[in-house]
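Some notes on the structure that comes next.
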Amino acid sequence: GREHYNDQYVKTILDMAQTEGLSKVDTVATVTALTAVAVASNINRFAVPSLLGSRQQKDQRGCLFVSGGGRRNEAIMRHLRLELAQWKVDTTDSIGIDGDAKEAVCFAFLAYKALQGHAMNLQGVTGAKGPAVLGKICLASSGQTRMTMNT
C-alpha cells in the first residue's frame, strides 16, 4: 500500500538505478516489470490459497480482470500475462465493466452481498477468526424514501 510504495520508495529506486547506471528508459522498464511481478506474487501468495483452499493445484487456471489506469499500460498487461501464464488475464472492460469505475462497482457488489447476508472476507488475508459480512447498511429514518432491492 501507500505506506510502503511512497515518495521515499521511488527515491530509493531512482538512487539505485542511478548507481547502477541505468538509463531512464531502462529504469521505467524495470519498475514496470517489478509492478507486474509484485501483483502476480501477491495474487499467488494471498488470493489463490484463499480462493482455492485445498483444491489448489500448480496448474490451476484462473481469470484475472484488471481495472484502473494500469489496464491501459500495454507493458504492465504483457508482464502480467507472462507472470500469470496459467491465468486468463484481461481487462474488466472485456466483460462489460468500466475499468475506471472499479470502486463504484466493488462497493455496489459488497453492498449487494451484505444485503444478502453473505460473508465476503478472506480470512487468510485479513486474519479474521471467522466469516464476516462486510460493511454496514444504514437505512433512512421513517418517512424518508428508501432504496429497495429485488433479489
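By order in the C-alpha cells, chains are A, B, ...; within a chain, residues start at 1; ligands start at 1, following the order shown.
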
Find the residues around range 113-118 of chain A up to 10 Å (only C-alpha atoms counted), leave out those fewer than 4 positions away in its own chain, and share them as a list of chain:residue names.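 Contacts, with the query itself left out: A:Phe107, A:Ala108, A:Phe109, A:Pro131, A:Ala132, A:Val133, A:Leu134, A:Gly135, A:Lys136, A:Ile137, A:Met149, A:Thr151.
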
Saved selection, atoms kept: N, CA and C atoms, as a PDB file, in the first residue's frame:
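Contents of result_39.pdb, freshly written:
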```
ATOM      1  N   PHE A 107     -18.009  -1.426  -4.460  1.00  0.00           N
ATOM      2  CA  PHE A 107     -18.856  -1.089  -3.322  1.00  0.00           C
ATOM      3  C   PHE A 107     -20.301  -1.518  -3.566  1.00  0.00           C
ATOM      4  N   ALA A 108     -20.763  -1.425  -4.800  1.00  0.00           N
ATOM      5  CA  ALA A 108     -22.118  -1.906  -5.116  1.00  0.00           C
ATOM      6  C   ALA A 108     -22.201  -3.415  -4.898  1.00  0.00           C
ATOM      7  N   PHE A 109     -21.183  -4.152  -5.327  1.00  0.00           N
ATOM      8  CA  PHE A 109     -21.145  -5.605  -5.146  1.00  0.00           C
ATOM      9  C   PHE A 109     -21.114  -5.964  -3.657  1.00  0.00           C
ATOM     10  N   PRO A 131     -15.916 -16.132   9.264  1.00  0.00           N
ATOM     11  CA  PRO A 131     -16.580 -15.401   8.186  1.00  0.00           C
ATOM     12  C   PRO A 131     -17.251 -14.136   8.716  1.00  0.00           C
ATOM     13  N   ALA A 132     -17.288 -13.092   7.880  1.00  0.00           N
ATOM     14  CA  ALA A 132     -17.910 -11.840   8.300  1.00  0.00           C
ATOM     15  C   ALA A 132     -18.602 -11.175   7.122  1.00  0.00           C
ATOM     16  N   VAL A 133     -19.795 -10.663   7.390  1.00  0.00           N
ATOM     17  CA  VAL A 133     -20.494  -9.831   6.415  1.00  0.00           C
ATOM     18  C   VAL A 133     -19.835  -8.460   6.496  1.00  0.00           C
ATOM     19  N   LEU A 134     -19.432  -7.929   5.362  1.00  0.00           N
ATOM     20  CA  LEU A 134     -18.690  -6.666   5.350  1.00  0.00           C
ATOM     21  C   LEU A 134     -19.619  -5.472   5.179  1.00  0.00           C
ATOM     22  N   GLY A 135     -19.246  -4.368   5.780  1.00  0.00           N
ATOM     23  CA  GLY A 135     -19.977  -3.121   5.608  1.00  0.00           C
ATOM     24  C   GLY A 135     -21.134  -2.980   6.577  1.00  0.00           C
ATOM     25  N   LYS A 136     -21.776  -1.846   6.490  1.00  0.00           N
ATOM     26  CA  LYS A 136     -22.915  -1.556   7.344  1.00  0.00           C
ATOM     27  C   LYS A 136     -23.973  -0.897   6.474  1.00  0.00           C
ATOM     28  N   ILE A 137     -25.183  -1.397   6.571  1.00  0.00           N
ATOM     29  CA  ILE A 137     -26.302  -0.826   5.823  1.00  0.00           C
ATOM     30  C   ILE A 137     -27.026   0.142   6.754  1.00  0.00           C
ATOM     31  N   MET A 149     -34.238  -3.400  -3.013  1.00  0.00           N
ATOM     32  CA  MET A 149     -33.506  -4.236  -3.970  1.00  0.00           C
ATOM     33  C   MET A 149     -34.288  -5.521  -4.182  1.00  0.00           C
ATOM     34  N   THR A 151     -34.115  -9.290  -5.138  1.00  0.00           N
ATOM     35  CA  THR A 151     -33.103 -10.346  -5.252  1.00  0.00           C
ATOM     36  C   THR A 151     -33.692 -11.623  -5.780  1.00  0.00           C
TER      37      THR A 151
END
```

Ile76 in chain A environment, 10 Å, only C-alpha atoms, sequence neighbours closer than 2 positions dropped, as an mmCIF file with N, CA and C atoms, in the first residue's frame:
```
data_model
loop_
_atom_site.group_PDB
_atom_site.id
_atom_site.type_symbol
_atom_site.label_atom_id
_atom_site.label_comp_id
_atom_site.auth_asym_id
_atom_site.auth_seq_id
_atom_site.Cartn_x
_atom_site.Cartn_y
_atom_site.Cartn_z
ATOM 1 N N ALA A 29 11.292 0.657 -17.503
ATOM 2 C CA ALA A 29 11.011 -0.736 -17.877
ATOM 3 C C ALA A 29 11.151 -1.667 -16.673
ATOM 4 N N VAL A 31 10.864 -0.868 -13.410
ATOM 5 C CA VAL A 31 9.787 -0.613 -12.456
ATOM 6 C C VAL A 31 8.465 -1.185 -12.980
ATOM 7 N N THR A 32 8.247 -1.096 -14.278
ATOM 8 C CA THR A 32 7.037 -1.663 -14.878
ATOM 9 C C THR A 32 6.999 -3.174 -14.674
ATOM 10 N N ALA A 33 8.111 -3.836 -14.944
ATOM 11 C CA ALA A 33 8.182 -5.287 -14.741
ATOM 12 C C ALA A 33 8.013 -5.625 -13.258
ATOM 13 N N LEU A 34 8.643 -4.839 -12.380
ATOM 14 C CA LEU A 34 8.528 -5.057 -10.943
ATOM 15 C C LEU A 34 7.075 -4.954 -10.485
ATOM 16 N N THR A 35 6.345 -4.015 -11.042
ATOM 17 C CA THR A 35 4.930 -3.850 -10.707
ATOM 18 C C THR A 35 4.150 -5.124 -11.003
ATOM 19 N N ALA A 36 4.339 -5.666 -12.196
ATOM 20 C CA ALA A 36 3.632 -6.890 -12.583
ATOM 21 C C ALA A 36 4.065 -8.077 -11.724
ATOM 22 N N VAL A 37 5.351 -8.177 -11.445
ATOM 23 C CA VAL A 37 5.855 -9.274 -10.603
ATOM 24 C C VAL A 37 5.249 -9.176 -9.199
ATOM 25 N N GLY A 70 -3.784 1.109 -14.842
ATOM 26 C CA GLY A 70 -2.784 0.137 -15.263
ATOM 27 C C GLY A 70 -3.233 -0.738 -16.414
ATOM 28 N N ARG A 71 -4.539 -0.901 -16.580
ATOM 29 C CA ARG A 71 -5.039 -1.740 -17.668
ATOM 30 C C ARG A 71 -4.736 -1.144 -19.041
ATOM 31 N N ARG A 72 -4.456 0.146 -19.067
ATOM 32 C CA ARG A 72 -4.130 0.813 -20.341
ATOM 33 C C ARG A 72 -2.633 0.733 -20.665
ATOM 34 N N ASN A 73 -1.846 0.240 -19.718
ATOM 35 C CA ASN A 73 -0.403 0.146 -19.902
ATOM 36 C C ASN A 73 -0.088 -1.220 -20.524
ATOM 37 N N GLU A 74 0.220 -1.206 -21.822
ATOM 38 C CA GLU A 74 0.454 -2.461 -22.545
ATOM 39 C C GLU A 74 1.601 -3.269 -21.947
ATOM 40 N N ARG A 78 1.254 -7.000 -20.534
ATOM 41 C CA ARG A 78 2.096 -8.062 -21.119
ATOM 42 C C ARG A 78 2.854 -8.808 -20.017
ATOM 43 N N HIS A 79 3.426 -8.057 -19.075
ATOM 44 C CA HIS A 79 4.158 -8.677 -17.971
ATOM 45 C C HIS A 79 3.225 -9.499 -17.076
ATOM 46 N N LEU A 80 2.025 -8.994 -16.816
ATOM 47 C CA LEU A 80 1.073 -9.763 -16.013
ATOM 48 C C LEU A 80 0.742 -11.087 -16.699
ATOM 49 N N ARG A 81 0.542 -11.033 -18.009
ATOM 50 C CA ARG A 81 0.239 -12.274 -18.746
ATOM 51 C C ARG A 81 1.412 -13.254 -18.689
ATOM 52 N N LEU A 82 2.637 -12.738 -18.700
ATOM 53 C CA LEU A 82 3.800 -13.616 -18.587
ATOM 54 C C LEU A 82 3.922 -14.203 -17.179
#
```

Can you list every residue in range 7-92 of chain A that DSSP puts in strand (DSSP E), as a PyMOL selection string? chain A and resi 63-66+88-91

If I take CA of Glu103 in chain A and CA of His4 in chain A, how far is one from the other in Å, to one decimal?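 Taking CA of Glu103 in chain A as the start and CA of His4 in chain A as the end point, the length is 21.5 Å.
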
Would you list, as a count of residues only, the residues of chain A that end up in alpha helix (DSSP H) under DSSP run on this structure's backbone? 67

Which residues come within 12 Å of Gly69 in chain A, counting only C-alpha atoms, excluding same-chain residues fewer than 3 positions away, as a PyMOL selection string? chain A and resi 66+72-74+76-77+91-93+98-102

For the residues in that selection, give me all heavy atoms as a CSV table (one decimal), in the first residue's frame.
```
chain,number,residue,atom,x,y,z
A,66,VAL,N,-8.3,-6.9,-14.9
A,66,VAL,CA,-7.6,-5.8,-14.5
A,66,VAL,C,-8.4,-4.5,-14.7
A,66,VAL,O,-9.0,-4.4,-15.8
A,66,VAL,CB,-6.2,-5.7,-15.2
A,66,VAL,CG1,-5.4,-4.4,-14.8
A,66,VAL,CG2,-5.4,-6.9,-15.1
A,72,ARG,N,-4.5,0.1,-19.1
A,72,ARG,CA,-4.1,0.8,-20.3
A,72,ARG,C,-2.6,0.7,-20.7
A,72,ARG,O,-2.2,1.1,-21.7
A,72,ARG,CB,-4.5,2.3,-20.3
A,72,ARG,CG,-6.0,2.5,-20.2
A,72,ARG,CD,-6.4,4.0,-20.4
A,72,ARG,NE,-7.7,4.2,-20.0
A,72,ARG,CZ,-8.1,4.7,-18.8
A,72,ARG,NH1,-7.3,5.0,-17.9
A,72,ARG,NH2,-9.4,4.9,-18.6
A,73,ASN,N,-1.8,0.2,-19.7
A,73,ASN,CA,-0.4,0.1,-19.9
A,73,ASN,C,-0.1,-1.2,-20.5
A,73,ASN,O,-0.1,-2.3,-19.8
A,73,ASN,CB,0.3,0.3,-18.6
A,73,ASN,CG,1.8,0.4,-18.7
A,73,ASN,OD1,2.4,-0.4,-19.4
A,73,ASN,ND2,2.4,1.3,-17.9
A,74,GLU,N,0.2,-1.2,-21.8
A,74,GLU,CA,0.5,-2.5,-22.5
A,74,GLU,C,1.6,-3.3,-21.9
A,74,GLU,O,1.5,-4.5,-21.9
A,74,GLU,CB,0.7,-2.2,-24.0
A,74,GLU,CG,-0.5,-1.7,-24.8
A,74,GLU,CD,-0.2,-1.3,-26.2
A,74,GLU,OE1,0.8,-1.8,-26.8
A,74,GLU,OE2,-1.0,-0.5,-26.8
A,76,ILE,N,2.6,-3.3,-18.7
A,76,ILE,CA,2.2,-4.0,-17.5
A,76,ILE,C,1.3,-5.2,-17.8
A,76,ILE,O,1.4,-6.3,-17.2
A,76,ILE,CB,1.4,-3.0,-16.6
A,76,ILE,CG1,2.4,-2.0,-15.9
A,76,ILE,CG2,0.6,-3.7,-15.5
A,76,ILE,CD1,1.8,-1.0,-15.0
A,77,MET,N,0.4,-5.0,-18.8
A,77,MET,CA,-0.5,-6.1,-19.1
A,77,MET,C,0.3,-7.3,-19.7
A,77,MET,O,0.0,-8.5,-19.4
A,77,MET,CB,-1.6,-5.6,-20.1
A,77,MET,CG,-2.6,-4.6,-19.5
A,77,MET,SD,-3.6,-5.3,-18.1
A,77,MET,CE,-4.6,-6.5,-19.0
A,91,THR,N,-9.0,-7.3,-19.2
A,91,THR,CA,-9.5,-6.1,-18.5
A,91,THR,C,-11.0,-6.3,-18.2
A,91,THR,O,-11.7,-7.1,-18.8
A,91,THR,CB,-9.4,-4.8,-19.4
A,91,THR,OG1,-10.3,-5.0,-20.5
A,91,THR,CG2,-8.0,-4.6,-19.9
A,92,THR,N,-11.4,-5.5,-17.2
A,92,THR,CA,-12.8,-5.6,-16.8
A,92,THR,C,-13.7,-5.1,-17.9
A,92,THR,O,-14.8,-5.5,-18.1
A,92,THR,CB,-13.1,-4.8,-15.5
A,92,THR,OG1,-12.6,-3.4,-15.7
A,92,THR,CG2,-12.4,-5.4,-14.3
A,93,ASP,N,-13.1,-4.2,-18.8
A,93,ASP,CA,-13.9,-3.7,-19.9
A,93,ASP,C,-14.3,-4.8,-20.8
A,93,ASP,O,-15.4,-4.7,-21.4
A,93,ASP,CB,-13.0,-2.7,-20.7
A,93,ASP,CG,-12.5,-1.5,-19.8
A,93,ASP,OD1,-11.4,-1.7,-19.2
A,93,ASP,OD2,-13.2,-0.5,-19.8
A,98,ASP,N,-16.8,-1.0,-16.7
A,98,ASP,CA,-15.9,0.1,-17.0
A,98,ASP,C,-14.7,0.1,-16.0
A,98,ASP,O,-14.9,0.1,-14.8
A,98,ASP,CB,-16.7,1.4,-16.8
A,98,ASP,CG,-15.8,2.7,-17.1
A,98,ASP,OD1,-14.6,2.6,-17.2
A,98,ASP,OD2,-16.4,3.7,-17.3
A,99,GLY,N,-13.5,-0.1,-16.5
A,99,GLY,CA,-12.3,-0.2,-15.7
A,99,GLY,C,-12.0,1.1,-14.9
A,99,GLY,O,-11.2,1.0,-14.0
A,100,ASP,N,-12.7,2.2,-15.2
A,100,ASP,CA,-12.5,3.4,-14.5
A,100,ASP,C,-13.5,3.5,-13.3
A,100,ASP,O,-13.4,4.5,-12.5
A,100,ASP,CB,-12.6,4.6,-15.4
A,100,ASP,CG,-11.4,4.7,-16.3
A,100,ASP,OD1,-10.3,4.4,-15.9
A,100,ASP,OD2,-11.6,5.2,-17.5
A,101,ALA,N,-14.4,2.6,-13.2
A,101,ALA,CA,-15.5,2.7,-12.2
A,101,ALA,C,-15.3,1.5,-11.2
A,101,ALA,O,-16.3,1.1,-10.6
A,101,ALA,CB,-16.8,2.6,-12.9
A,102,LYS,N,-14.1,1.1,-11.0
A,102,LYS,CA,-13.9,-0.1,-10.2
A,102,LYS,C,-14.4,0.1,-8.7
A,102,LYS,O,-15.0,-0.8,-8.1
A,102,LYS,CB,-12.5,-0.6,-10.2
A,102,LYS,CG,-11.5,0.3,-9.5
A,102,LYS,CD,-10.1,-0.3,-9.6
A,102,LYS,CE,-9.1,0.6,-9.1
A,102,LYS,NZ,-7.7,0.1,-9.2
```

Using only C-alpha atoms, determine which residues lie at most 9 Å from Leu64 in chain A, disregarding the query and same-chain residues fewer than 3 positions distant; provide the list as JSON, numbers by chain. {"A": [84, 87, 88, 89, 90, 91, 92]}

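Residue neighbourhood of Thr27 in chain A, excluding near-sequence residues (fewer than 3 positions): Val10, Ile13, Leu14, Asp15, Met16, Ala17, Gln18, Thr19, Glu20, Gly21, Leu22, Ser23, Lys24, Thr30, Val31, Thr32, Ala33 and Leu34 of chain A, at 12 Å, using only C-alpha atoms.
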
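Minimum atom-to-atom distances from A:Leu110, A:Asn42, A:Ser67, A:Ala85 to Ile97 in chain A were compared using only C-alpha atoms, and the lowest value belongs to A:Ser67.
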
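Compared by their closest atoms to Gly96 in chain A, and using only C-alpha atoms, the residues A:Thr12, A:Gly127, A:Phe65, A:Arg45 rank with A:Phe65 nearest.
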
With distances taken over only C-alpha atoms, which residue among A:Cys63, A:Cys138, A:Val25, A:Cys106 lies nearest Gln86 in chain A?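 Smallest separation from Gln86 in chain A among the options: A:Cys63.
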
Quick one: residues within 12 Å of Gly1 in chain A, only C-alpha atoms counted, chain neighbours fewer than 6 positions away excluded, as an MDAnalysis selection string? chainID A and resid 9 38:39

Could you take the residues named above and write them with all heavy atoms, as a short mmCIF file (atom, residue, chain, number, x, y, z; two decimals), in the first residue's frame?
```cif
data_model
loop_
_atom_site.label_atom_id
_atom_site.label_comp_id
_atom_site.auth_asym_id
_atom_site.auth_seq_id
_atom_site.Cartn_x
_atom_site.Cartn_y
_atom_site.Cartn_z
N TYR A 9 10.13 5.42 -1.37
CA TYR A 9 10.35 4.20 -2.15
C TYR A 9 10.83 4.56 -3.56
O TYR A 9 11.79 3.99 -4.08
CB TYR A 9 9.06 3.38 -2.19
CG TYR A 9 9.19 2.04 -2.87
CD1 TYR A 9 9.75 0.96 -2.21
CD2 TYR A 9 8.74 1.86 -4.18
CE1 TYR A 9 9.86 -0.27 -2.83
CE2 TYR A 9 8.86 0.63 -4.81
CZ TYR A 9 9.42 -0.43 -4.12
OH TYR A 9 9.53 -1.65 -4.74
N ALA A 38 5.17 -7.97 -8.65
CA ALA A 38 4.60 -7.78 -7.31
C ALA A 38 3.12 -8.16 -7.29
O ALA A 38 2.65 -8.83 -6.37
CB ALA A 38 4.79 -6.33 -6.85
N VAL A 39 2.38 -7.74 -8.31
CA VAL A 39 0.95 -8.08 -8.38
C VAL A 39 0.78 -9.59 -8.47
O VAL A 39 0.02 -10.21 -7.71
CB VAL A 39 0.27 -7.37 -9.58
CG1 VAL A 39 -1.12 -7.94 -9.82
CG2 VAL A 39 0.20 -5.87 -9.35
#
```

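Closest approach to Ala40 in chain A among A:Ala119, A:Asn6, A:Glu83, A:Ile95 is made by A:Glu83 (distances from only C-alpha atoms).
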
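What separates CA of Thr126 in chain A from CA of Ala47 in chain A is a distance of 11.2 Å.
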